[in-house]
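Coordinates as given in structure_7.pdb (PDB, N, CA and C atoms, pLDDT in the B column):
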```pdb
ATOM      1  N   MET V   9       2.701   9.306  -4.349  1.00 69.00           N
ATOM      2  CA  MET V   9       1.376   8.816  -4.093  1.00 69.00           C
ATOM      3  C   MET V   9       0.399   9.964  -4.300  1.00 69.00           C
ATOM      4  N   ASN V  10      -0.596   9.725  -5.099  1.00 81.00           N
ATOM      5  CA  ASN V  10      -1.571  10.786  -5.357  1.00 81.00           C
ATOM      6  C   ASN V  10      -2.788  10.644  -4.439  1.00 81.00           C
ATOM      7  N   GLY V  11      -3.717  11.538  -4.575  1.00 85.00           N
ATOM      8  CA  GLY V  11      -4.873  11.580  -3.685  1.00 85.00           C
ATOM      9  C   GLY V  11      -5.746  10.341  -3.758  1.00 85.00           C
ATOM     10  N   THR V  12      -5.892   9.776  -4.949  1.00 84.00           N
ATOM     11  CA  THR V  12      -6.725   8.586  -5.105  1.00 84.00           C
ATOM     12  C   THR V  12      -6.110   7.402  -4.373  1.00 84.00           C
ATOM     13  N   GLU V  13      -4.785   7.262  -4.472  1.00 82.00           N
ATOM     14  CA  GLU V  13      -4.116   6.172  -3.770  1.00 82.00           C
ATOM     15  C   GLU V  13      -4.232   6.341  -2.256  1.00 82.00           C
ATOM     16  N   LYS V  14      -4.086   7.570  -1.780  1.00 84.00           N
ATOM     17  CA  LYS V  14      -4.219   7.819  -0.342  1.00 84.00           C
ATOM     18  C   LYS V  14      -5.616   7.440   0.138  1.00 84.00           C
ATOM     19  N   LEU V  15      -6.621   7.782  -0.641  1.00 87.00           N
ATOM     20  CA  LEU V  15      -7.997   7.459  -0.277  1.00 87.00           C
ATOM     21  C   LEU V  15      -8.217   5.947  -0.254  1.00 87.00           C
ATOM     22  N   ALA V  16      -7.672   5.255  -1.242  1.00 83.00           N
ATOM     23  CA  ALA V  16      -7.820   3.800  -1.309  1.00 83.00           C
ATOM     24  C   ALA V  16      -7.127   3.121  -0.131  1.00 83.00           C
ATOM     25  N   TYR V  17      -5.915   3.560   0.205  1.00 83.00           N
ATOM     26  CA  TYR V  17      -5.197   2.946   1.319  1.00 83.00           C
ATOM     27  C   TYR V  17      -5.868   3.278   2.644  1.00 83.00           C
ATOM     28  N   GLY V  18      -6.415   4.469   2.766  1.00 85.00           N
ATOM     29  CA  GLY V  18      -7.166   4.820   3.964  1.00 85.00           C
ATOM     30  C   GLY V  18      -8.410   3.955   4.122  1.00 85.00           C
ATOM     31  N   ALA V  19      -9.098   3.712   3.014  1.00 87.00           N
ATOM     32  CA  ALA V  19     -10.294   2.867   3.046  1.00 87.00           C
ATOM     33  C   ALA V  19      -9.935   1.430   3.413  1.00 87.00           C
ATOM     34  N   LEU V  20      -8.823   0.918   2.881  1.00 84.00           N
ATOM     35  CA  LEU V  20      -8.380  -0.431   3.248  1.00 84.00           C
ATOM     36  C   LEU V  20      -8.055  -0.518   4.727  1.00 84.00           C
ATOM     37  N   PHE V  21      -7.412   0.513   5.261  1.00 85.00           N
ATOM     38  CA  PHE V  21      -7.060   0.522   6.675  1.00 85.00           C
ATOM     39  C   PHE V  21      -8.313   0.518   7.547  1.00 85.00           C
ATOM     40  N   VAL V  22      -9.275   1.359   7.206  1.00 89.00           N
ATOM     41  CA  VAL V  22     -10.518   1.421   7.972  1.00 89.00           C
ATOM     42  C   VAL V  22     -11.272   0.091   7.875  1.00 89.00           C
ATOM     43  N   LEU V  23     -11.301  -0.493   6.678  1.00 87.00           N
ATOM     44  CA  LEU V  23     -11.965  -1.780   6.489  1.00 87.00           C
ATOM     45  C   LEU V  23     -11.302  -2.862   7.326  1.00 87.00           C
ATOM     46  N   ALA V  24      -9.976  -2.901   7.326  1.00 86.00           N
ATOM     47  CA  ALA V  24      -9.263  -3.913   8.098  1.00 86.00           C
ATOM     48  C   ALA V  24      -9.541  -3.772   9.587  1.00 86.00           C
ATOM     49  N   ILE V  25      -9.536  -2.548  10.095  1.00 89.00           N
ATOM     50  CA  ILE V  25      -9.810  -2.325  11.519  1.00 89.00           C
ATOM     51  C   ILE V  25     -11.247  -2.725  11.854  1.00 89.00           C
ATOM     52  N   ALA V  26     -12.184  -2.365  10.997  1.00 90.00           N
ATOM     53  CA  ALA V  26     -13.584  -2.715  11.250  1.00 90.00           C
ATOM     54  C   ALA V  26     -13.776  -4.230  11.251  1.00 90.00           C
ATOM     55  N   LEU V  27     -13.105  -4.919  10.340  1.00 87.00           N
ATOM     56  CA  LEU V  27     -13.230  -6.375  10.296  1.00 87.00           C
ATOM     57  C   LEU V  27     -12.582  -7.029  11.508  1.00 87.00           C
ATOM     58  N   LEU V  28     -11.462  -6.465  11.962  1.00 88.00           N
ATOM     59  CA  LEU V  28     -10.830  -7.005  13.165  1.00 88.00           C
ATOM     60  C   LEU V  28     -11.727  -6.822  14.391  1.00 88.00           C
ATOM     61  N   LEU V  29     -12.383  -5.682  14.477  1.00 91.00           N
ATOM     62  CA  LEU V  29     -13.250  -5.414  15.617  1.00 91.00           C
ATOM     63  C   LEU V  29     -14.497  -6.301  15.629  1.00 91.00           C
ATOM     64  N   THR V  30     -14.905  -6.781  14.465  1.00 91.00           N
ATOM     65  CA  THR V  30     -16.087  -7.644  14.383  1.00 91.00           C
ATOM     66  C   THR V  30     -15.704  -9.116  14.299  1.00 91.00           C
ATOM     67  N   ASN V  31     -14.433  -9.424  14.601  1.00 89.00           N
ATOM     68  CA  ASN V  31     -13.930 -10.807  14.636  1.00 89.00           C
ATOM     69  C   ASN V  31     -14.013 -11.534  13.296  1.00 89.00           C
ATOM     70  N   HIS V  32     -13.853 -10.828  12.203  1.00 88.00           N
ATOM     71  CA  HIS V  32     -13.741 -11.440  10.883  1.00 88.00           C
ATOM     72  C   HIS V  32     -12.259 -11.455  10.500  1.00 88.00           C
ATOM     73  N   LEU V  33     -11.503 -12.347  11.115  1.00 86.00           N
ATOM     74  CA  LEU V  33     -10.050 -12.324  10.978  1.00 86.00           C
ATOM     75  C   LEU V  33      -9.581 -12.656   9.562  1.00 86.00           C
ATOM     76  N   ILE V  34     -10.231 -13.600   8.909  1.00 87.00           N
ATOM     77  CA  ILE V  34      -9.796 -13.983   7.556  1.00 87.00           C
ATOM     78  C   ILE V  34     -10.035 -12.833   6.588  1.00 87.00           C
ATOM     79  N   LEU V  35     -11.183 -12.199   6.664  1.00 86.00           N
ATOM     80  CA  LEU V  35     -11.456 -11.065   5.779  1.00 86.00           C
ATOM     81  C   LEU V  35     -10.547  -9.885   6.096  1.00 86.00           C
ATOM     82  N   ALA V  36     -10.237  -9.689   7.371  1.00 86.00           N
ATOM     83  CA  ALA V  36      -9.322  -8.612   7.748  1.00 86.00           C
ATOM     84  C   ALA V  36      -7.939  -8.865   7.174  1.00 86.00           C
ATOM     85  N   THR V  37      -7.498 -10.107   7.169  1.00 85.00           N
ATOM     86  CA  THR V  37      -6.199 -10.449   6.583  1.00 85.00           C
ATOM     87  C   THR V  37      -6.183 -10.142   5.094  1.00 85.00           C
ATOM     88  N   VAL V  38      -7.273 -10.457   4.417  1.00 85.00           N
ATOM     89  CA  VAL V  38      -7.368 -10.164   2.981  1.00 85.00           C
ATOM     90  C   VAL V  38      -7.315  -8.659   2.741  1.00 85.00           C
ATOM     91  N   ALA V  39      -7.883  -7.865   3.640  1.00 82.00           N
ATOM     92  CA  ALA V  39      -7.856  -6.408   3.487  1.00 82.00           C
ATOM     93  C   ALA V  39      -6.488  -5.832   3.832  1.00 82.00           C
ATOM     94  N   ILE V  40      -5.763  -6.480   4.743  1.00 84.00           N
ATOM     95  CA  ILE V  40      -4.463  -5.961   5.178  1.00 84.00           C
ATOM     96  C   ILE V  40      -3.368  -6.229   4.154  1.00 84.00           C
ATOM     97  N   VAL V  41      -3.451  -7.334   3.414  1.00 86.00           N
ATOM     98  CA  VAL V  41      -2.381  -7.720   2.479  1.00 86.00           C
ATOM     99  C   VAL V  41      -2.074  -6.623   1.461  1.00 86.00           C
ATOM    100  N   PRO V  42      -3.036  -6.055   0.729  1.00 81.00           N
ATOM    101  CA  PRO V  42      -2.682  -4.990  -0.229  1.00 81.00           C
ATOM    102  C   PRO V  42      -2.140  -3.744   0.464  1.00 81.00           C
ATOM    103  N   TYR V  43      -2.613  -3.480   1.672  1.00 77.00           N
ATOM    104  CA  TYR V  43      -2.124  -2.322   2.433  1.00 77.00           C
ATOM    105  C   TYR V  43      -0.642  -2.493   2.754  1.00 77.00           C
ATOM    106  N   VAL V  44      -0.253  -3.689   3.181  1.00 81.00           N
ATOM    107  CA  VAL V  44       1.153  -3.968   3.510  1.00 81.00           C
ATOM    108  C   VAL V  44       2.014  -3.943   2.248  1.00 81.00           C
ATOM    109  N   LEU V  45       1.527  -4.520   1.170  1.00 82.00           N
ATOM    110  CA  LEU V  45       2.293  -4.510  -0.085  1.00 82.00           C
ATOM    111  C   LEU V  45       2.513  -3.086  -0.586  1.00 82.00           C
ATOM    112  N   ALA V  46       1.517  -2.247  -0.446  1.00 77.00           N
ATOM    113  CA  ALA V  46       1.660  -0.846  -0.864  1.00 77.00           C
ATOM    114  C   ALA V  46       2.669  -0.124   0.018  1.00 77.00           C
ATOM    115  N   SER V  47       2.708  -0.451   1.298  1.00 76.00           N
ATOM    116  CA  SER V  47       3.680   0.209   2.169  1.00 76.00           C
ATOM    117  C   SER V  47       5.102  -0.170   1.768  1.00 76.00           C
ATOM    118  N   PHE V  48       5.305  -1.401   1.312  1.00 81.00           N
ATOM    119  CA  PHE V  48       6.630  -1.789   0.823  1.00 81.00           C
ATOM    120  C   PHE V  48       6.988  -1.034  -0.448  1.00 81.00           C
ATOM    121  N   LYS V  49       5.993  -0.799  -1.291  1.00 77.00           N
ATOM    122  CA  LYS V  49       6.241  -0.088  -2.554  1.00 77.00           C
ATOM    123  C   LYS V  49       6.776   1.315  -2.297  1.00 77.00           C
ATOM    124  N   TYR V  50       6.248   2.000  -1.279  1.00 74.00           N
ATOM    125  CA  TYR V  50       6.647   3.369  -1.019  1.00 74.00           C
ATOM    126  C   TYR V  50       7.714   3.503   0.063  1.00 74.00           C
ATOM    127  N   SER V  51       8.146   2.374   0.655  1.00 76.00           N
ATOM    128  CA  SER V  51       9.165   2.437   1.704  1.00 76.00           C
ATOM    129  C   SER V  51      10.562   2.631   1.144  1.00 76.00           C
ATOM    130  N   PHE V  52      10.803   2.040   0.009  1.00 74.00           N
ATOM    131  CA  PHE V  52      12.147   2.039  -0.532  1.00 74.00           C
ATOM    132  C   PHE V  52      12.258   3.095  -1.622  1.00 74.00           C
ATOM    133  N   PRO V  53      13.372   3.815  -1.661  1.00 70.00           N
ATOM    134  CA  PRO V  53      13.533   4.854  -2.690  1.00 70.00           C
ATOM    135  C   PRO V  53      13.614   4.240  -4.087  1.00 70.00           C
ATOM    136  N   GLN V  54      13.000   4.921  -4.994  1.00 68.00           N
ATOM    137  CA  GLN V  54      13.029   4.466  -6.383  1.00 68.00           C
ATOM    138  C   GLN V  54      14.359   4.839  -7.013  1.00 68.00           C
ATOM    139  N   GLN V  55      14.959   3.902  -7.717  1.00 68.00           N
ATOM    140  CA  GLN V  55      16.217   4.200  -8.390  1.00 68.00           C
ATOM    141  C   GLN V  55      15.910   4.777  -9.760  1.00 68.00           C
ATOM    142  N   LYS V  56      16.544   5.882 -10.042  1.00 66.00           N
ATOM    143  CA  LYS V  56      16.340   6.537 -11.332  1.00 66.00           C
ATOM    144  C   LYS V  56      17.417   6.056 -12.286  1.00 66.00           C
ATOM    145  N   ARG V  57      17.037   5.894 -13.524  1.00 63.00           N
ATOM    146  CA  ARG V  57      18.012   5.522 -14.544  1.00 63.00           C
ATOM    147  C   ARG V  57      18.974   6.654 -14.814  1.00 63.00           C
ATOM    148  N   ALA V  58      20.185   6.311 -15.060  1.00 57.00           N
ATOM    149  CA  ALA V  58      21.175   7.336 -15.393  1.00 57.00           C
ATOM    150  C   ALA V  58      20.858   7.908 -16.773  1.00 57.00           C
ATOM    151  N   GLN V  59      20.831   9.201 -16.847  1.00 61.00           N
ATOM    152  CA  GLN V  59      20.578   9.840 -18.133  1.00 61.00           C
ATOM    153  C   GLN V  59      21.875  10.008 -18.879  1.00 61.00           C
ATOM    154  N   GLN V  60      21.851   9.644 -20.126  1.00 60.00           N
ATOM    155  CA  GLN V  60      23.055   9.747 -20.942  1.00 60.00           C
ATOM    156  C   GLN V  60      22.998  11.051 -21.742  1.00 60.00           C
ATOM    157  N   ASN V  61      24.052  11.811 -21.636  1.00 61.00           N
ATOM    158  CA  ASN V  61      24.145  13.041 -22.432  1.00 61.00           C
ATOM    159  C   ASN V  61      24.916  12.731 -23.708  1.00 61.00           C
ATOM    160  N   ARG V  62      24.329  13.033 -24.818  1.00 58.00           N
ATOM    161  CA  ARG V  62      25.012  12.777 -26.098  1.00 58.00           C
ATOM    162  C   ARG V  62      25.225  14.058 -26.833  1.00 58.00           C
TER     163      ARG V  62
END
```
Transcribe the structure of this file into structure tokens.
Amino acid sequence: MNGTEKLAYGALFVLAIALLLTNHLILATVAIVPYVLASFKYSFPQQKRAQQNR
């Protein structure tokens, strides 16, 4: 994850919390969905292809 992605996920998190605090539950859910999907992307180790030596 690079710096731009960290900034984007941080902004989504702050947006979701702010929307929850102002009782905008539907908009908060829309903001949380990409945050959760991104956490799944980085939760599991990436499998590397086997390199063939010729």
Could you give me, as a PyMOL selection string, the residues within 7 Å of range 35-45 of chain V, counting all atoms listed in the file and dropping anything in the same chain fewer than 2 positions from it?
-> chain V and resi 17+20-21+23-25+27-28+32-33+47-50
Please return as a PyMOL selection string: the residues of chain V that backbone DSSP assigns to helix (DSSP H, G or I).
-> chain V and resi 11-29+33-51
Six-sided padding of 6 Å per side, axis-aligned box over range 15-24 of chain V, centre and edges in Å, one decimal, as JSON:
```
{"center_x": -8.6, "center_y": 1.9, "center_z": 4.1, "size_x": 18.8, "size_y": 23.7, "size_z": 22.9}
```
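As for atom N of Ala26 in chain V and atom N of Lys14 in chain V, they are spaced 18.1 Å apart.
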One decimal, Å: what's the distance from atom N of Thr30 in chain V over to CA of Thr12 in chain V, could you say?
-> 26.2 Å
For CA of Pro53 in chain V and atom N of Gly11 in chain V, the interatomic separation in Å (one decimal) =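 A separation of 18.6 Å between them.
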Using the atoms already present, construct N, CA, C and O atoms for range 14-36 of chain V and hand them back as a JSON list (two decimals), keeping the file's coordinate frame.
```json
[["chain", "number", "residue", "atom", "x", "y", "z"],
["V", 14, "LYS", "N", -4.09, 7.57, -1.78],
["V", 14, "LYS", "CA", -4.22, 7.82, -0.34],
["V", 14, "LYS", "C", -5.62, 7.44, 0.14],
["V", 14, "LYS", "O", -5.78, 6.83, 1.20],
["V", 15, "LEU", "N", -6.62, 7.78, -0.64],
["V", 15, "LEU", "CA", -8.00, 7.46, -0.28],
["V", 15, "LEU", "C", -8.22, 5.95, -0.25],
["V", 15, "LEU", "O", -8.85, 5.41, 0.67],
["V", 16, "ALA", "N", -7.67, 5.26, -1.24],
["V", 16, "ALA", "CA", -7.82, 3.80, -1.31],
["V", 16, "ALA", "C", -7.13, 3.12, -0.13],
["V", 16, "ALA", "O", -7.68, 2.20, 0.47],
["V", 17, "TYR", "N", -5.92, 3.56, 0.20],
["V", 17, "TYR", "CA", -5.20, 2.95, 1.32],
["V", 17, "TYR", "C", -5.87, 3.28, 2.64],
["V", 17, "TYR", "O", -5.91, 2.44, 3.54],
["V", 18, "GLY", "N", -6.42, 4.47, 2.77],
["V", 18, "GLY", "CA", -7.17, 4.82, 3.96],
["V", 18, "GLY", "C", -8.41, 3.96, 4.12],
["V", 18, "GLY", "O", -8.73, 3.49, 5.22],
["V", 19, "ALA", "N", -9.10, 3.71, 3.01],
["V", 19, "ALA", "CA", -10.29, 2.87, 3.05],
["V", 19, "ALA", "C", -9.94, 1.43, 3.41],
["V", 19, "ALA", "O", -10.66, 0.78, 4.18],
["V", 20, "LEU", "N", -8.82, 0.92, 2.88],
["V", 20, "LEU", "CA", -8.38, -0.43, 3.25],
["V", 20, "LEU", "C", -8.06, -0.52, 4.73],
["V", 20, "LEU", "O", -8.37, -1.51, 5.39],
["V", 21, "PHE", "N", -7.41, 0.51, 5.26],
["V", 21, "PHE", "CA", -7.06, 0.52, 6.68],
["V", 21, "PHE", "C", -8.31, 0.52, 7.55],
["V", 21, "PHE", "O", -8.42, -0.27, 8.50],
["V", 22, "VAL", "N", -9.28, 1.36, 7.21],
["V", 22, "VAL", "CA", -10.52, 1.42, 7.97],
["V", 22, "VAL", "C", -11.27, 0.09, 7.88],
["V", 22, "VAL", "O", -11.80, -0.42, 8.86],
["V", 23, "LEU", "N", -11.30, -0.49, 6.68],
["V", 23, "LEU", "CA", -11.96, -1.78, 6.49],
["V", 23, "LEU", "C", -11.30, -2.86, 7.33],
["V", 23, "LEU", "O", -11.98, -3.66, 7.97],
["V", 24, "ALA", "N", -9.98, -2.90, 7.33],
["V", 24, "ALA", "CA", -9.26, -3.91, 8.10],
["V", 24, "ALA", "C", -9.54, -3.77, 9.59],
["V", 24, "ALA", "O", -9.78, -4.76, 10.28],
["V", 25, "ILE", "N", -9.54, -2.55, 10.10],
["V", 25, "ILE", "CA", -9.81, -2.33, 11.52],
["V", 25, "ILE", "C", -11.25, -2.72, 11.85],
["V", 25, "ILE", "O", -11.50, -3.39, 12.87],
["V", 26, "ALA", "N", -12.18, -2.37, 11.00],
["V", 26, "ALA", "CA", -13.58, -2.72, 11.25],
["V", 26, "ALA", "C", -13.78, -4.23, 11.25],
["V", 26, "ALA", "O", -14.51, -4.77, 12.09],
["V", 27, "LEU", "N", -13.10, -4.92, 10.34],
["V", 27, "LEU", "CA", -13.23, -6.38, 10.30],
["V", 27, "LEU", "C", -12.58, -7.03, 11.51],
["V", 27, "LEU", "O", -13.08, -8.03, 12.03],
["V", 28, "LEU", "N", -11.46, -6.46, 11.96],
["V", 28, "LEU", "CA", -10.83, -7.00, 13.16],
["V", 28, "LEU", "C", -11.73, -6.82, 14.39],
["V", 28, "LEU", "O", -11.82, -7.71, 15.25],
["V", 29, "LEU", "N", -12.38, -5.68, 14.48],
["V", 29, "LEU", "CA", -13.25, -5.41, 15.62],
["V", 29, "LEU", "C", -14.50, -6.30, 15.63],
["V", 29, "LEU", "O", -15.09, -6.53, 16.69],
["V", 30, "THR", "N", -14.90, -6.78, 14.46],
["V", 30, "THR", "CA", -16.09, -7.64, 14.38],
["V", 30, "THR", "C", -15.70, -9.12, 14.30],
["V", 30, "THR", "O", -16.54, -9.96, 13.97],
["V", 31, "ASN", "N", -14.43, -9.42, 14.60],
["V", 31, "ASN", "CA", -13.93, -10.81, 14.64],
["V", 31, "ASN", "C", -14.01, -11.53, 13.30],
["V", 31, "ASN", "O", -14.23, -12.74, 13.25],
["V", 32, "HIS", "N", -13.85, -10.83, 12.20],
["V", 32, "HIS", "CA", -13.74, -11.44, 10.88],
["V", 32, "HIS", "C", -12.26, -11.46, 10.50],
["V", 32, "HIS", "O", -11.81, -10.67, 9.67],
["V", 33, "LEU", "N", -11.50, -12.35, 11.12],
["V", 33, "LEU", "CA", -10.05, -12.32, 10.98],
["V", 33, "LEU", "C", -9.58, -12.66, 9.56],
["V", 33, "LEU", "O", -8.63, -12.06, 9.07],
["V", 34, "ILE", "N", -10.23, -13.60, 8.91],
["V", 34, "ILE", "CA", -9.80, -13.98, 7.56],
["V", 34, "ILE", "C", -10.04, -12.83, 6.59],
["V", 34, "ILE", "O", -9.16, -12.51, 5.78],
["V", 35, "LEU", "N", -11.18, -12.20, 6.66],
["V", 35, "LEU", "CA", -11.46, -11.06, 5.78],
["V", 35, "LEU", "C", -10.55, -9.88, 6.10],
["V", 35, "LEU", "O", -10.12, -9.16, 5.19],
["V", 36, "ALA", "N", -10.24, -9.69, 7.37],
["V", 36, "ALA", "CA", -9.32, -8.61, 7.75],
["V", 36, "ALA", "C", -7.94, -8.86, 7.17],
["V", 36, "ALA", "O", -7.27, -7.94, 6.72]]
```
